[in-house]
Amino acid sequence: MRVGLGYDVHRLVDGRKLIIGGVEIPFKKGLLGHSDADVLLHAIKDALLGAVALGDIGKHFPDTDESYKGADSIKLLEEVEKLLRQKGYIVNNVDATIIAEAPKMAPHIEKMRENIATALSVSVHQINVKATTTEGLGFTGRGEGIAAQAIAAIVMK
Ligand SMILES: Nc1ccn([C@@H]2O[C@H](COP(=O)(O)O)[C@@H](O)[C@H]2O)c(=O)n1
Ligand SMILES: C[C@@]1(CO)OP(=O)(O)OP(=O)(O)OC[C@H]1O
């Protein structure tokens, strides 16, 4: 078994959709990025790439590449799963935390788990997603951005 860690942050701005874990969440602001800025999926992809020692998402999907403009992070997660499989690994489990003062993630967590499990070709029971505020402290507490962290374990096929 091998493990990897991922962490990502995106700024909250007006005029963008808020997409987290492949779910479009109704909110007054959205996350800014070259892609769809799905902070949770980015952290999970970095955790998976870390586990297989393949670098990070910036290396595989550069933000200087026009083809990733507005990219659907679910599709990129599927690409990462293919890279793992090519190296002889499958996902054992993923655990992740979304760090956001608002909006409430709880109503969307089950759909996020389903989206992630489907993209990784595993059971929903192998995927856990949590959310926490930072009690008003720091950039997440001020609502300036949303962060996510993830850990992934992978095993040989
Ligand atoms: N954006 C968020 C943040 C938190 N939650 C849920 O609320 C619980 C309590 O959060 P604390 O930061 O006060 O610990 C947390 O365990 C989550 O279930 C949420 O849904 N969305
Ligand atoms: C997937 C990419 C592609 O541009 O998404 P971004 O929205 O730029 O997000 P970031 O987490 O800054 O970097 C990862 C990029 O590779």
# chains A, B, ... in the order shown; residues from 1 in each chain; ligands from 1
call {"tool": "select_by_dssp", "arguments": {"residues": "chain A", "states": "alpha helix (DSSP H)", "output": "PyMOL selection string"}}
result
chain A and resi 39-51+57-60+73-86+109-120+138-141
call {"tool": "closest_atom_pairs", "arguments": {"of": "chain A", "to": "ligand 2", "cutoff": "8 Å", "atoms": "only C-alpha atoms and all ligand atoms", "output": "CSV"}}
result
residue,atom,partner,partner_atom_place_in_ligand_line,distance
A:Asp8,CA,ligand 2,11 (O),5.9
A:Val9,CA,ligand 2,11 (O),6.8
A:His10,CA,ligand 2,11 (O),7.0
A:Leu32,CA,ligand 2,7 (O),7.1
A:Gly33,CA,ligand 2,7 (O),3.6
A:His34,CA,ligand 2,7 (O),3.9
A:Ser35,CA,ligand 2,7 (O),3.6
A:Asp36,CA,ligand 2,7 (O),5.8
A:Ala37,CA,ligand 2,7 (O),4.2
A:Asp38,CA,ligand 2,7 (O),7.3
A:Val39,CA,ligand 2,11 (O),6.7
A:His42,CA,ligand 2,11 (O),5.9
A:Ala43,CA,ligand 2,11 (O),8.0
A:Ile57,CA,ligand 2,16 (O),4.8
A:Gly58,CA,ligand 2,16 (O),3.7
A:Lys59,CA,ligand 2,16 (O),6.9
A:His60,CA,ligand 2,16 (O),6.9
A:Phe61,CA,ligand 2,16 (O),4.5
A:Pro62,CA,ligand 2,16 (O),4.5
A:Asp63,CA,ligand 2,4 (O),3.3
A:Thr64,CA,ligand 2,4 (O),6.9
A:Asp65,CA,ligand 2,4 (O),7.1
A:Tyr68,CA,ligand 2,3 (C),5.3
A:Lys69,CA,ligand 2,4 (O),6.4
A:Gly70,CA,ligand 2,7 (O),7.5
A:Ala71,CA,ligand 2,3 (C),7.0
A:Ser73,CA,ligand 2,1 (C),7.0
A:Leu76,CA,ligand 2,1 (C),7.5
call {"tool": "residues_near_ligand", "arguments": {"ligand": "ligand 1", "cutoff": "9 Å", "atoms": "only C-alpha atoms and all ligand atoms", "output": "VMD selection string"}}
result
chain A and resid 98 to 109 130 to 135 146
call {"tool": "select_by_dssp", "arguments": {"residues": "chain A", "states": "strand (DSSP E)", "output": "PyMOL selection string"}}
result
chain A and resi 2-13+19-20+23-24+30-31+89-99+127-132+145-156
call {"tool": "write_last_selection", "arguments": {"atoms": "N, CA and C atoms", "output": "compact mmCIF listing (two decimals), in the first residue's frame"}}
result
# COMPACT_ATOMS: atom_id res chain seq x y z
N ARG A 2 0.45 2.27 -0.74
CA ARG A 2 1.15 3.55 -0.75
C ARG A 2 0.14 4.64 -0.44
N VAL A 3 0.60 5.74 0.18
CA VAL A 3 -0.32 6.84 0.49
C VAL A 3 0.19 8.15 -0.10
N GLY A 4 -0.72 9.09 -0.32
CA GLY A 4 -0.35 10.41 -0.82
C GLY A 4 -1.24 11.48 -0.21
N LEU A 5 -0.71 12.70 -0.15
CA LEU A 5 -1.42 13.85 0.43
C LEU A 5 -1.69 14.90 -0.63
N GLY A 6 -2.81 15.58 -0.50
CA GLY A 6 -3.09 16.68 -1.43
C GLY A 6 -3.69 17.86 -0.68
N TYR A 7 -3.40 19.05 -1.18
CA TYR A 7 -3.93 20.28 -0.58
C TYR A 7 -4.13 21.29 -1.70
N ASP A 8 -5.25 22.02 -1.69
CA ASP A 8 -5.47 23.05 -2.70
C ASP A 8 -6.31 24.18 -2.11
N VAL A 9 -6.15 25.36 -2.70
CA VAL A 9 -6.90 26.55 -2.29
C VAL A 9 -7.34 27.28 -3.55
N HIS A 10 -8.57 27.78 -3.58
CA HIS A 10 -9.01 28.68 -4.65
C HIS A 10 -9.75 29.86 -4.03
N ARG A 11 -9.61 30.99 -4.71
CA ARG A 11 -10.22 32.24 -4.26
C ARG A 11 -11.71 32.27 -4.63
N LEU A 12 -12.53 32.78 -3.70
CA LEU A 12 -13.97 32.97 -3.98
C LEU A 12 -14.20 34.33 -4.61
N VAL A 13 -14.87 34.33 -5.75
CA VAL A 13 -15.12 35.60 -6.46
C VAL A 13 -16.57 35.65 -6.96
N ILE A 19 -18.30 24.97 -7.86
CA ILE A 19 -18.32 23.53 -8.16
C ILE A 19 -17.34 22.85 -7.23
N ILE A 20 -17.86 21.96 -6.40
CA ILE A 20 -17.02 21.23 -5.45
C ILE A 20 -17.42 19.77 -5.47
N VAL A 23 -20.12 18.84 -7.86
CA VAL A 23 -21.49 19.29 -7.58
C VAL A 23 -21.55 20.82 -7.73
N GLU A 24 -22.51 21.31 -8.48
CA GLU A 24 -22.71 22.76 -8.58
C GLU A 24 -23.55 23.19 -7.39
N GLY A 30 -18.27 32.01 -6.59
CA GLY A 30 -17.71 30.74 -7.05
C GLY A 30 -16.20 30.79 -6.96
N LEU A 31 -15.57 29.67 -7.23
CA LEU A 31 -14.11 29.60 -7.11
C LEU A 31 -13.45 29.98 -8.43
N TYR A 89 -1.79 0.21 -10.17
CA TYR A 89 -2.45 0.47 -8.89
C TYR A 89 -3.94 0.74 -9.05
N ILE A 90 -4.69 0.45 -7.99
CA ILE A 90 -6.09 0.88 -7.88
C ILE A 90 -6.26 1.62 -6.55
N VAL A 91 -7.32 2.37 -6.45
CA VAL A 91 -7.55 3.17 -5.24
C VAL A 91 -8.08 2.27 -4.12
N ASN A 92 -7.48 2.37 -2.96
CA ASN A 92 -8.00 1.66 -1.78
C ASN A 92 -9.04 2.53 -1.08
N ASN A 93 -8.67 3.75 -0.73
CA ASN A 93 -9.64 4.68 -0.15
C ASN A 93 -9.11 6.11 -0.20
N VAL A 94 -10.05 7.03 -0.11
CA VAL A 94 -9.74 8.47 -0.10
C VAL A 94 -10.49 9.09 1.07
N ASP A 95 -9.82 9.98 1.79
CA ASP A 95 -10.50 10.78 2.81
C ASP A 95 -10.15 12.24 2.54
N ALA A 96 -11.12 13.12 2.65
CA ALA A 96 -10.86 14.52 2.30
C ALA A 96 -11.66 15.46 3.19
N THR A 97 -11.13 16.67 3.34
CA THR A 97 -11.81 17.71 4.13
C THR A 97 -11.90 18.99 3.31
N ILE A 98 -13.10 19.54 3.23
CA ILE A 98 -13.31 20.86 2.61
C ILE A 98 -13.29 21.88 3.74
N ILE A 99 -12.51 22.95 3.57
CA ILE A 99 -12.41 23.97 4.62
C ILE A 99 -13.08 25.23 4.10
N ILE A 127 -14.81 6.12 -0.23
CA ILE A 127 -14.62 7.57 -0.35
C ILE A 127 -15.29 8.28 0.82
N ASN A 128 -14.53 9.12 1.52
CA ASN A 128 -15.12 9.93 2.59
C ASN A 128 -14.83 11.41 2.33
N VAL A 129 -15.85 12.22 2.51
CA VAL A 129 -15.68 13.68 2.36
C VAL A 129 -16.27 14.34 3.61
N LYS A 130 -15.50 15.27 4.18
CA LYS A 130 -15.95 16.00 5.36
C LYS A 130 -15.88 17.50 5.06
N ALA A 131 -16.46 18.29 5.96
CA ALA A 131 -16.32 19.75 5.82
C ALA A 131 -16.15 20.35 7.19
N THR A 132 -15.41 21.44 7.23
CA THR A 132 -15.26 22.18 8.48
C THR A 132 -15.14 23.67 8.18
N GLY A 145 -11.73 32.51 0.39
CA GLY A 145 -11.42 31.33 -0.42
C GLY A 145 -11.86 30.07 0.28
N ILE A 146 -11.69 28.97 -0.44
CA ILE A 146 -12.02 27.65 0.10
C ILE A 146 -10.79 26.77 -0.10
N ALA A 147 -10.49 25.96 0.90
CA ALA A 147 -9.35 25.04 0.83
C ALA A 147 -9.87 23.61 0.93
N ALA A 148 -9.04 22.69 0.50
CA ALA A 148 -9.39 21.27 0.67
C ALA A 148 -8.10 20.49 0.88
N GLN A 149 -8.21 19.47 1.71
CA GLN A 149 -7.08 18.57 1.86
C GLN A 149 -7.56 17.14 1.69
N ALA A 150 -6.65 16.29 1.22
CA ALA A 150 -7.04 14.89 0.95
C ALA A 150 -5.88 13.96 1.23
N ILE A 151 -6.25 12.75 1.59
CA ILE A 151 -5.28 11.67 1.71
C ILE A 151 -5.84 10.49 0.93
N ALA A 152 -4.95 9.79 0.22
CA ALA A 152 -5.39 8.65 -0.58
C ALA A 152 -4.45 7.48 -0.34
N ALA A 153 -5.02 6.30 -0.29
CA ALA A 153 -4.22 5.08 -0.22
C ALA A 153 -4.50 4.27 -1.49
N ILE A 154 -3.43 3.73 -2.07
CA ILE A 154 -3.57 2.93 -3.29
C ILE A 154 -2.91 1.57 -3.06
N VAL A 155 -3.42 0.56 -3.77
CA VAL A 155 -2.86 -0.79 -3.63
C VAL A 155 -2.59 -1.36 -5.03
N MET A 156 -1.70 -2.36 -5.09
CA MET A 156 -1.43 -3.03 -6.37
C MET A 156 -2.70 -3.75 -6.82
call {"tool": "closest_residue", "arguments": {"among": "A:Lys157, A:Arg113, A:Lys87, A:His125", "to": "A:Leu40", "atoms": "only C-alpha atoms"}}
result
A:Arg113
call {"tool": "residues_around", "arguments": {"residues": "A:Leu49", "least_positions_apart": "5", "cutoff": "8 Å", "atoms": "only C-alpha atoms", "output": "PDB file with C-alpha atoms, in the first residue's frame"}}
result
ATOM      1  CA  GLY A   4      -0.350  10.415  -0.818  1.00  0.00           C
ATOM      2  CA  LEU A  54       3.846  11.024 -10.399  1.00  0.00           C
ATOM      3  CA  GLY A  55       4.215  14.649  -9.311  1.00  0.00           C
ATOM      4  CA  ASP A  56       1.155  16.889  -9.176  1.00  0.00           C
ATOM      5  CA  ILE A  57      -1.777  18.148 -11.255  1.00  0.00           C
ATOM      6  CA  VAL A  80      -5.504  10.418 -12.984  1.00  0.00           C
ATOM      7  CA  LEU A  84      -2.659   4.908 -11.607  1.00  0.00           C
TER       8      LEU A  84
END
call {"tool": "closest_residue", "arguments": {"among": "A:Met1, A:Ala119, A:Leu18, A:Ile25", "to": "A:Glu79", "atoms": "only C-alpha atoms"}}
result
A:Ala119
